[in-house]
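File shown: final.pdb. Contents: PDB, C-alpha atoms.
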ATOM      1  CA  MET L 472     -13.313  30.831 -16.801
ATOM      2  CA  GLY L 473     -10.977  32.932 -14.608
ATOM      3  CA  ASN L 474     -12.477  31.707 -11.321
ATOM      4  CA  PHE L 475      -9.532  29.967  -9.629
ATOM      5  CA  SER L 476     -11.324  29.330  -6.336
ATOM      6  CA  ASP L 477     -12.720  26.124  -7.837
ATOM      7  CA  PHE L 478      -9.193  24.841  -8.417
ATOM      8  CA  GLY L 479      -8.328  25.521  -4.766
ATOM      9  CA  ILE L 480     -11.230  23.368  -3.623
ATOM     10  CA  ILE L 481     -10.185  20.510  -5.910
ATOM     11  CA  THR L 482      -6.594  20.532  -4.645
ATOM     12  CA  CYS L 483      -7.780  20.508  -1.018
ATOM     13  CA  ILE L 484      -9.967  17.466  -1.670
ATOM     14  CA  MET L 485      -7.146  15.654  -3.465
ATOM     15  CA  ALA L 486      -4.692  16.415  -0.660
ATOM     16  CA  ASP L 487      -7.194  15.216   1.940
ATOM     17  CA  SER L 488      -7.791  11.913   0.147
ATOM     18  CA  LYS L 489      -4.052  11.161   0.067
ATOM     19  CA  LYS L 490      -3.900  11.343   3.867
ATOM     20  CA  LYS L 491      -6.367   8.447   4.173
ATOM     21  CA  GLN L 492      -4.070   5.959   2.466
ATOM     22  CA  THR L 493      -0.811   4.351   3.538
ATOM     23  CA  LYS L 494       1.613   2.341   1.411
ATOM     24  CA  VAL L 495       2.495  -1.100   2.710
ATOM     25  CA  TYR L 496       4.971  -3.765   1.592
ATOM     26  CA  LEU L 497       3.465  -7.192   0.820
ATOM     27  CA  ILE L 498       5.546 -10.362   0.869
ATOM     28  CA  PRO L 499       4.484 -14.019   0.518
ATOM     29  CA  GLU L 500       3.115 -15.465   3.746
ATOM     30  CA  SER L 501       5.343 -18.538   3.573
ATOM     31  CA  GLU L 502       8.576 -16.544   3.173
ATOM     32  CA  SER L 503      10.498 -14.295   5.543
ATOM     33  CA  ARG L 504      11.160 -10.630   4.913
ATOM     34  CA  ASP L 505      14.834 -11.286   4.086
ATOM     35  CA  SER L 506      14.394 -14.282   1.775
ATOM     36  CA  HIS L 507      11.356 -13.335  -0.312
ATOM     37  CA  THR L 508      11.673 -13.473  -4.087
ATOM     38  CA  TYR L 509       8.823 -11.138  -5.052
ATOM     39  CA  HIS L 510       6.883  -8.329  -3.380
ATOM     40  CA  TYR L 511       3.999  -5.924  -4.010
ATOM     41  CA  LEU L 512       3.251  -2.430  -2.801
ATOM     42  CA  ALA L 513      -0.383  -1.881  -1.845
ATOM     43  CA  VAL L 514      -2.467   0.944  -0.441
ATOM     44  CA  LYS L 515      -3.936   0.495   3.010
ATOM     45  CA  THR L 516      -7.062   2.485   3.820
ATOM     46  CA  LYS L 517      -7.496   4.700   6.857
ATOM     47  CA  LYS L 518     -10.041   2.264   8.337
ATOM     48  CA  LEU L 519      -7.466  -0.558   8.446
ATOM     49  CA  VAL L 520      -4.860   1.813   9.917
ATOM     50  CA  ILE L 521      -7.222   2.962  12.691
ATOM     51  CA  GLU L 522      -8.273  -0.613  13.522
ATOM     52  CA  ASN L 523      -4.586  -1.668  13.448
ATOM     53  CA  GLN L 524      -5.247  -4.616  11.136
ATOM     54  CA  LYS L 525      -2.642  -6.167   8.860
ATOM     55  CA  LEU L 526      -3.427  -6.339   5.178
ATOM     56  CA  ARG L 527      -3.619  -9.840   3.662
ATOM     57  CA  LEU L 528      -4.262 -10.344  -0.067
ATOM     58  CA  LYS L 529      -4.156 -13.307  -2.412
ATOM     59  CA  LYS L 530      -1.833 -12.381  -5.291
ATOM     60  CA  PHE L 531       0.084 -14.138  -8.038
ATOM     61  CA  ASN L 532       3.675 -15.018  -7.247
ATOM     62  CA  PRO L 533       5.579 -15.200 -10.551
ATOM     63  CA  ALA L 534       8.581 -16.889  -8.921
ATOM     64  CA  LYS L 535       6.452 -19.928  -7.995
ATOM     65  CA  GLN L 536       3.840 -19.532 -10.766
ATOM     66  CA  ILE L 537       0.919 -19.851  -8.304
ATOM     67  CA  HIS L 538      -1.490 -17.638  -6.394
ATOM     68  CA  GLU L 539      -0.656 -17.364  -2.702
ATOM     69  CA  TRP L 540      -1.367 -15.165   0.297
ATOM     70  CA  PHE L 541       0.712 -12.011   0.687
ATOM     71  CA  VAL L 542       0.899 -10.320   4.088
ATOM     72  CA  GLU L 543       1.919  -6.851   5.171
ATOM     73  CA  ALA L 544       5.508  -6.294   6.265
ATOM     74  CA  LYS L 545       7.557  -3.259   7.196
ATOM     75  CA  LEU L 546       8.836  -1.131   4.342
ATOM     76  CA  PRO L 547      12.565  -1.587   3.743
ATOM     77  CA  PRO L 548      14.801   1.310   4.828
ATOM     78  CA  HIS L 549      15.611   3.816   2.131
ATOM     79  CA  SER L 550      18.823   5.740   1.634
ATOM     80  CA  LYS L 551      18.768   9.480   1.087
TER      81      LYS L 551
END
Here is the file; what I need is its structure written in the form of structure tokens.
Amino acid sequence: MGNFSDFGIITCIMADSKKKQTKVYLIPESESRDSHTYHYLAVKTKKLVIENQKLRLKKFNPAKQIHEWFVEAKLPPHSK
């Protein structure tokens, strides 16, 4: 017990794994970024970022009560 070097290794691995993921904003494919009624936040892997591919997932849209395709869009600007 008292050996804190193990904890240092765990935190390095956890910090490294966070760098491989990027948050993206998903909106319904049929709607524009300004007029969408529902959105999701998803995690994009490093492989998709390197290959420069857009994320596309089939999710449930509660506004329309159906499953539909959601595509990646730019994150909205945030205020500090």
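CA of Val514 (chain L) sits 18.1 Å away from CA of Pro548 (chain L).
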Residues selected by the PyMOL selection byres ((chain L and resi 523-532) around 9), written as a PyMOL selection string: chain L and resi 495+497+499-500+508-511+513+515+518-522+533-544
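Here the PyMOL selection byres ((chain L and resi 547) around 10) captures the residues Tyr496, Arg504, Asp505, Ala544, Lys545, Leu546, Pro548, His549 and Ser550 of chain L.
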Dump as a compact mmCIF listing (two decimals), in the frame of the given file, selection limited to C-alpha atoms:
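This went into selection-v2.txt:
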# COMPACT_ATOMS: atom_id res chain seq x y z
CA TYR L 496 4.97 -3.76 1.59
CA ARG L 504 11.16 -10.63 4.91
CA ASP L 505 14.83 -11.29 4.09
CA ALA L 544 5.51 -6.29 6.26
CA LYS L 545 7.56 -3.26 7.20
CA LEU L 546 8.84 -1.13 4.34
CA PRO L 548 14.80 1.31 4.83
CA HIS L 549 15.61 3.82 2.13
CA SER L 550 18.82 5.74 1.63
N, CA and C atoms are what I want for region 499-519 of chain L; can you complete it accordingly and write them as a PDB file, in the coordinates of the input?
ATOM      1  N   PRO L 499       5.192 -12.739   0.380  1.00  0.00           N
ATOM      2  CA  PRO L 499       4.484 -14.019   0.518  1.00  0.00           C
ATOM      3  C   PRO L 499       4.450 -14.483   1.973  1.00  0.00           C
ATOM      4  N   GLU L 500       3.322 -15.045   2.361  1.00  0.00           N
ATOM      5  CA  GLU L 500       3.115 -15.465   3.746  1.00  0.00           C
ATOM      6  C   GLU L 500       4.092 -16.565   4.160  1.00  0.00           C
ATOM      7  N   SER L 501       4.472 -17.415   3.236  1.00  0.00           N
ATOM      8  CA  SER L 501       5.343 -18.538   3.573  1.00  0.00           C
ATOM      9  C   SER L 501       6.825 -18.161   3.622  1.00  0.00           C
ATOM     10  N   GLU L 502       7.170 -16.942   3.217  1.00  0.00           N
ATOM     11  CA  GLU L 502       8.576 -16.544   3.173  1.00  0.00           C
ATOM     12  C   GLU L 502       8.858 -15.441   4.183  1.00  0.00           C
ATOM     13  N   SER L 503      10.120 -15.339   4.593  1.00  0.00           N
ATOM     14  CA  SER L 503      10.498 -14.295   5.543  1.00  0.00           C
ATOM     15  C   SER L 503      10.790 -12.999   4.793  1.00  0.00           C
ATOM     16  N   ARG L 504      10.929 -11.939   5.521  1.00  0.00           N
ATOM     17  CA  ARG L 504      11.160 -10.630   4.913  1.00  0.00           C
ATOM     18  C   ARG L 504      12.510 -10.587   4.191  1.00  0.00           C
ATOM     19  N   ASP L 505      13.496 -11.319   4.681  1.00  0.00           N
ATOM     20  CA  ASP L 505      14.834 -11.286   4.086  1.00  0.00           C
ATOM     21  C   ASP L 505      14.978 -12.211   2.878  1.00  0.00           C
ATOM     22  N   SER L 506      14.186 -13.283   2.823  1.00  0.00           N
ATOM     23  CA  SER L 506      14.394 -14.282   1.775  1.00  0.00           C
ATOM     24  C   SER L 506      13.301 -14.295   0.707  1.00  0.00           C
ATOM     25  N   HIS L 507      12.434 -13.297   0.677  1.00  0.00           N
ATOM     26  CA  HIS L 507      11.356 -13.335  -0.312  1.00  0.00           C
ATOM     27  C   HIS L 507      11.909 -13.069  -1.716  1.00  0.00           C
ATOM     28  N   THR L 508      11.217 -13.617  -2.712  1.00  0.00           N
ATOM     29  CA  THR L 508      11.673 -13.473  -4.087  1.00  0.00           C
ATOM     30  C   THR L 508      10.853 -12.449  -4.856  1.00  0.00           C
ATOM     31  N   TYR L 509       9.683 -12.081  -4.359  1.00  0.00           N
ATOM     32  CA  TYR L 509       8.823 -11.138  -5.052  1.00  0.00           C
ATOM     33  C   TYR L 509       7.993 -10.387  -4.031  1.00  0.00           C
ATOM     34  N   HIS L 510       7.689  -9.117  -4.308  1.00  0.00           N
ATOM     35  CA  HIS L 510       6.883  -8.329  -3.380  1.00  0.00           C
ATOM     36  C   HIS L 510       5.952  -7.393  -4.148  1.00  0.00           C
ATOM     37  N   TYR L 511       4.939  -6.903  -3.471  1.00  0.00           N
ATOM     38  CA  TYR L 511       3.999  -5.924  -4.010  1.00  0.00           C
ATOM     39  C   TYR L 511       3.942  -4.736  -3.074  1.00  0.00           C
ATOM     40  N   LEU L 512       3.596  -3.583  -3.613  1.00  0.00           N
ATOM     41  CA  LEU L 512       3.251  -2.430  -2.801  1.00  0.00           C
ATOM     42  C   LEU L 512       1.749  -2.242  -2.935  1.00  0.00           C
ATOM     43  N   ALA L 513       1.063  -2.057  -1.829  1.00  0.00           N
ATOM     44  CA  ALA L 513      -0.383  -1.881  -1.845  1.00  0.00           C
ATOM     45  C   ALA L 513      -0.750  -0.665  -1.017  1.00  0.00           C
ATOM     46  N   VAL L 514      -1.972  -0.213  -1.183  1.00  0.00           N
ATOM     47  CA  VAL L 514      -2.467   0.944  -0.441  1.00  0.00           C
ATOM     48  C   VAL L 514      -3.406   0.452   0.648  1.00  0.00           C
ATOM     49  N   LYS L 515      -3.130   0.873   1.856  1.00  0.00           N
ATOM     50  CA  LYS L 515      -3.936   0.495   3.010  1.00  0.00           C
ATOM     51  C   LYS L 515      -4.843   1.666   3.362  1.00  0.00           C
ATOM     52  N   THR L 516      -6.110   1.417   3.549  1.00  0.00           N
ATOM     53  CA  THR L 516      -7.062   2.485   3.820  1.00  0.00           C
ATOM     54  C   THR L 516      -6.957   2.958   5.264  1.00  0.00           C
ATOM     55  N   LYS L 517      -7.542   4.107   5.522  1.00  0.00           N
ATOM     56  CA  LYS L 517      -7.496   4.700   6.857  1.00  0.00           C
ATOM     57  C   LYS L 517      -8.217   3.815   7.874  1.00  0.00           C
ATOM     58  N   LYS L 518      -9.280   3.139   7.448  1.00  0.00           N
ATOM     59  CA  LYS L 518     -10.041   2.264   8.337  1.00  0.00           C
ATOM     60  C   LYS L 518      -9.153   1.138   8.880  1.00  0.00           C
ATOM     61  N   LEU L 519      -8.360   0.513   8.006  1.00  0.00           N
ATOM     62  CA  LEU L 519      -7.466  -0.558   8.446  1.00  0.00           C
ATOM     63  C   LEU L 519      -6.362  -0.020   9.352  1.00  0.00           C
TER      64      LEU L 519
END
